[in-house]
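Enquirer: My questions will all concern the structure given below.
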Amino acid sequence: MNHTKFAVWLQLLQMFLKVNILSPSGPASVGFLYEESVGKIMTEEQFVEAVGFSNVLPGSEALKLAMFVGYAAGGIPGVMSALLGAILPPTVLMLLVSAVLQQFQHENWLAGFVAGMSPAVAALIVFVSWELFRVSSRQKIDRRVIFIALLSAFAFWAEIPSPFVLLGAGILGVILFGRRSY
Amino acid sequence: MDHLLQLFLIFIKVNLLSTSGPASVGLLYHEVVGSYVTEAQFVQAVGLSSVLPGSDALQLAMYIGYAVGGIPGGLVALAGSILPPTLIILGVTMVLHRLRREAWLSSFVEGLAPAISVLMLFTAWKIFEKGGSTGWEGWTIGIVSLAAMFLNAPARIVVVVAGILGVYFLS
């Protein structure tokens, strides 16, 4: 085994363990990851490219970002150690907490807690939805973005299954936004 | 065994059709609430995953997996969430320079984003409505939470405080 390569993989694993234990959510980990990786294992340009790609491709963006950073630093094995580091902390925590919480499922205070949390969770979703909308329409609100939003609102209201609506919106995006070059 | 496979397929689908972790909440709600988990379990899952450190989307997936099928369920949900982005990344890193010119992919995602935002608004309303607390207490908690988040209050603190208020006023 090549010693320096192995050290890189280990460093990646430690870095992602740290980032994922300390950051509350996927998007929040971007800033943190920047500090940890830029200048040390990848250039600023590579990092920006990684963030761009992880926003464009489907799936959880924090994982994709982790894998791009892992790839830049250590190739395919780097991808695997970054993935492992990003997955391990939430997995262990969540399985532990779910197991504990199932024991309390019929307690009265938990019902109250959930009842109080519902409006806040709804508010959180509205907030994330706004953030997503704002980021996607960039500087100014594009008429085409509004058009897709209104059309999908109508489709959801008409109870068309959501995967179809999302697919349709994506295809509409290809037609409306076209092969714009970046 | 059969429902584990279905769970796996649901998470593959959700992760192929959403652009980011938090955006998967809306689609996931439609796929699992009623058939796999109750409304209350889903709210717990979203609340918990924003409180605990680490990726929200993965925690949400695991909580739902765990509720459906214990530890194996949690692991299956995790695998379903990880597989699509992993395969895509491995593919992309191999054809990185070719994909850069494929503008249609970014147009697809650009079209997806407003639809996901709208879907999330619908989901938020359903969670609020079915949460049971649609009286003035519920509206107050919701509006104050929203205002707090627009003022950059950390979501995890907002969610915990709302839960504690619930224990006192709604149980």
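Convention: chains lettered A, B, ... in structure tokens order; per-chain residue numbering from 1; ligands numbered from 1 as shown.
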Find the residues near region 35-40 of chain A: any atom within 12 Å, counting only C-alpha atoms, skip ones fewer than 4 places away on the same chain, and give them as a VMD selection string.

Expert: chain A and resid 8 11 to 12 14 to 19 29 to 31 44 to 48 50 65 to 66 68 to 70 72 to 73 82

Enquirer: Hey, what does DSSP flag as helix (DSSP H, G or I) within region 35-126 of chain A? Can you give it to me as a PyMOL selection string?

Expert: chain A and resi 35-37+44-56+61-103+108-126

Enquirer: Store the residues of this selection in a file with C-alpha atoms, as a PDB file, in the first residue's frame.

Expert:
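Now in selection.pdb:
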```pdb
ATOM      1  CA  GLU A  35     -12.539  26.107   5.362  1.00  0.00           C
ATOM      2  CA  GLU A  36     -11.365  22.533   5.796  1.00  0.00           C
ATOM      3  CA  SER A  37     -10.520  21.660   2.221  1.00  0.00           C
ATOM      4  CA  GLU A  44     -10.784  27.231  -4.844  1.00  0.00           C
ATOM      5  CA  GLU A  45     -11.722  26.656  -8.488  1.00  0.00           C
ATOM      6  CA  GLN A  46     -12.197  22.916  -7.944  1.00  0.00           C
ATOM      7  CA  PHE A  47     -14.374  23.626  -4.923  1.00  0.00           C
ATOM      8  CA  VAL A  48     -16.628  26.033  -6.816  1.00  0.00           C
ATOM      9  CA  GLU A  49     -16.964  23.505  -9.600  1.00  0.00           C
ATOM     10  CA  ALA A  50     -17.886  20.801  -7.065  1.00  0.00           C
ATOM     11  CA  VAL A  51     -20.582  23.008  -5.489  1.00  0.00           C
ATOM     12  CA  GLY A  52     -21.945  23.818  -8.940  1.00  0.00           C
ATOM     13  CA  PHE A  53     -22.159  20.198  -9.952  1.00  0.00           C
ATOM     14  CA  SER A  54     -23.752  19.075  -6.724  1.00  0.00           C
ATOM     15  CA  ASN A  55     -26.512  21.646  -7.199  1.00  0.00           C
ATOM     16  CA  VAL A  56     -27.175  20.573 -10.755  1.00  0.00           C
ATOM     17  CA  GLU A  61     -26.259  17.800  -2.373  1.00  0.00           C
ATOM     18  CA  ALA A  62     -24.148  17.435   0.746  1.00  0.00           C
ATOM     19  CA  LEU A  63     -23.282  13.862  -0.229  1.00  0.00           C
ATOM     20  CA  LYS A  64     -22.458  14.838  -3.791  1.00  0.00           C
ATOM     21  CA  LEU A  65     -20.240  17.654  -2.586  1.00  0.00           C
ATOM     22  CA  ALA A  66     -18.459  15.279  -0.223  1.00  0.00           C
ATOM     23  CA  MET A  67     -17.854  12.855  -3.063  1.00  0.00           C
ATOM     24  CA  PHE A  68     -16.502  15.550  -5.407  1.00  0.00           C
ATOM     25  CA  VAL A  69     -14.100  16.750  -2.725  1.00  0.00           C
ATOM     26  CA  GLY A  70     -13.090  13.142  -2.067  1.00  0.00           C
ATOM     27  CA  TYR A  71     -12.492  12.575  -5.767  1.00  0.00           C
ATOM     28  CA  ALA A  72     -10.351  15.690  -6.148  1.00  0.00           C
ATOM     29  CA  ALA A  73      -8.164  14.633  -3.241  1.00  0.00           C
ATOM     30  CA  GLY A  74      -7.902  10.888  -3.661  1.00  0.00           C
ATOM     31  CA  GLY A  75      -9.644   9.497  -6.747  1.00  0.00           C
ATOM     32  CA  ILE A  76     -12.283   6.775  -6.440  1.00  0.00           C
ATOM     33  CA  PRO A  77     -11.016   5.513  -3.043  1.00  0.00           C
ATOM     34  CA  GLY A  78     -11.188   9.152  -1.926  1.00  0.00           C
ATOM     35  CA  VAL A  79     -14.857   9.206  -2.949  1.00  0.00           C
ATOM     36  CA  MET A  80     -15.490   6.158  -0.792  1.00  0.00           C
ATOM     37  CA  SER A  81     -13.763   7.516   2.316  1.00  0.00           C
ATOM     38  CA  ALA A  82     -15.558  10.861   1.972  1.00  0.00           C
ATOM     39  CA  LEU A  83     -18.872   9.046   1.611  1.00  0.00           C
ATOM     40  CA  LEU A  84     -18.182   6.890   4.661  1.00  0.00           C
ATOM     41  CA  GLY A  85     -17.231   9.930   6.748  1.00  0.00           C
ATOM     42  CA  ALA A  86     -20.364  11.797   5.645  1.00  0.00           C
ATOM     43  CA  ILE A  87     -22.722   8.887   6.312  1.00  0.00           C
ATOM     44  CA  LEU A  88     -21.439   7.446   9.571  1.00  0.00           C
ATOM     45  CA  PRO A  89     -22.307  10.227  12.069  1.00  0.00           C
ATOM     46  CA  PRO A  90     -25.946  10.767  10.977  1.00  0.00           C
ATOM     47  CA  THR A  91     -26.541   7.001  10.666  1.00  0.00           C
ATOM     48  CA  VAL A  92     -25.372   6.125  14.155  1.00  0.00           C
ATOM     49  CA  LEU A  93     -27.105   9.111  15.747  1.00  0.00           C
ATOM     50  CA  MET A  94     -30.379   8.621  13.968  1.00  0.00           C
ATOM     51  CA  LEU A  95     -30.663   4.887  14.557  1.00  0.00           C
ATOM     52  CA  LEU A  96     -29.932   5.465  18.230  1.00  0.00           C
ATOM     53  CA  VAL A  97     -32.479   8.246  18.590  1.00  0.00           C
ATOM     54  CA  SER A  98     -35.155   6.404  16.591  1.00  0.00           C
ATOM     55  CA  ALA A  99     -34.724   3.336  18.781  1.00  0.00           C
ATOM     56  CA  VAL A 100     -35.098   5.416  21.943  1.00  0.00           C
ATOM     57  CA  LEU A 101     -38.011   7.423  20.615  1.00  0.00           C
ATOM     58  CA  GLN A 102     -40.058   4.366  19.642  1.00  0.00           C
ATOM     59  CA  GLN A 103     -40.196   3.543  23.380  1.00  0.00           C
ATOM     60  CA  ASN A 108     -48.673  12.046  26.422  1.00  0.00           C
ATOM     61  CA  TRP A 109     -45.922  14.657  26.471  1.00  0.00           C
ATOM     62  CA  LEU A 110     -44.592  13.386  23.135  1.00  0.00           C
ATOM     63  CA  ALA A 111     -47.989  13.984  21.518  1.00  0.00           C
ATOM     64  CA  GLY A 112     -47.864  17.566  22.808  1.00  0.00           C
ATOM     65  CA  PHE A 113     -44.302  17.965  21.608  1.00  0.00           C
ATOM     66  CA  VAL A 114     -45.255  16.778  18.122  1.00  0.00           C
ATOM     67  CA  ALA A 115     -48.354  18.988  18.091  1.00  0.00           C
ATOM     68  CA  GLY A 116     -46.178  21.986  18.895  1.00  0.00           C
ATOM     69  CA  MET A 117     -43.534  20.964  16.409  1.00  0.00           C
ATOM     70  CA  SER A 118     -45.995  20.576  13.507  1.00  0.00           C
ATOM     71  CA  PRO A 119     -46.525  24.293  12.840  1.00  0.00           C
ATOM     72  CA  ALA A 120     -42.775  24.920  13.229  1.00  0.00           C
ATOM     73  CA  VAL A 121     -41.924  22.074  10.842  1.00  0.00           C
ATOM     74  CA  ALA A 122     -44.479  23.488   8.370  1.00  0.00           C
ATOM     75  CA  ALA A 123     -42.801  26.891   8.762  1.00  0.00           C
ATOM     76  CA  LEU A 124     -39.379  25.293   8.215  1.00  0.00           C
ATOM     77  CA  ILE A 125     -40.596  23.722   4.980  1.00  0.00           C
ATOM     78  CA  VAL A 126     -42.040  27.046   3.771  1.00  0.00           C
TER      79      VAL A 126
END
```

Enquirer: Go through A:Thr4, A:Ser129, A:Asp142, A:Ile175 and flag the residue nearest chain B, using only C-alpha atoms for the distances.

Expert: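 Looking only at the distances to chain B, the closest residue turns out to be A:Ser129.
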
Enquirer: Do you know which residues are at most 9 Å from Ala45 (chain B) counting only C-alpha atoms, after dropping those on the same chain fewer than 6 positions away, and could you put them as JSON, numbers by chain?

Expert: {"A": [98], "B": [59, 60, 61, 62, 63, 64]}

Enquirer: Skipping near chain neighbours, those fewer than 4 positions away, what residues fall within 10 Å of Phe133 (chain A) using only C-alpha atoms, listed as a ChimeraX atom specification?

Expert: /A:127-129,137-138,141,145-146,149 /B:113-118

Enquirer: If you measure from CA of Val46 (chain B) to CA of Ser145 (chain B), what distance in Å do you get, rounded to one decimal?

Expert: 14.8 Å

Enquirer: Between CA of Ala124 (chain B) and CA of Gly34 (chain B), what is the distance, to one decimal in Å?

Expert: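 If I compute the distance from CA of Ala124 (chain B) to CA of Gly34 (chain B), I get 15.8 Å.
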
Enquirer: Excluding Val32 (chain B) and residues on its chain fewer than 5 positions from it, collect all residues at most 9 Å away from it, counting only C-alpha atoms, and give them as a list in words.

Expert: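 My reading of the contact set: Leu7, Ile10, Leu27, Val37, Thr38, Phe42 and Ile64 of chain B.
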
Enquirer: Of the candidates A:Met42, A:Ile148, A:Ile160, A:Phe6, which shows the shortest atom-to-atom distance to chain B, using only C-alpha atoms?

Expert: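 Between A:Met42, A:Ile148, A:Ile160, A:Phe6, the residue approaching chain B most closely is A:Ile148.
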
Enquirer: Have a look at CA of Ala155 (chain A) and CA of Gly26 (chain B) and let me know their distance in Å, one decimal.

Expert: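 About the pair CA of Ala155 (chain A) and CA of Gly26 (chain B): they are 14.5 Å apart.
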
Enquirer: If we count only C-alpha atoms and set the cut-off at 6 Å, which residues sit around region 74-85 of chain B, ignoring sequence neighbours fewer than 6 positions away in its own chain? Please answer as a PyMOL selection string.

Expert: (chain A and resi 59) or (chain B and resi 8+11-12+15+61-62+65-66)

Enquirer: From the options B:Val160, B:Leu17, B:Leu119, B:Ile71, which residue's atoms come nearest to Ser50 (chain B), counting only C-alpha atoms?

Expert: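 Result for the nearest residue to Ser50 (chain B): B:Val160.
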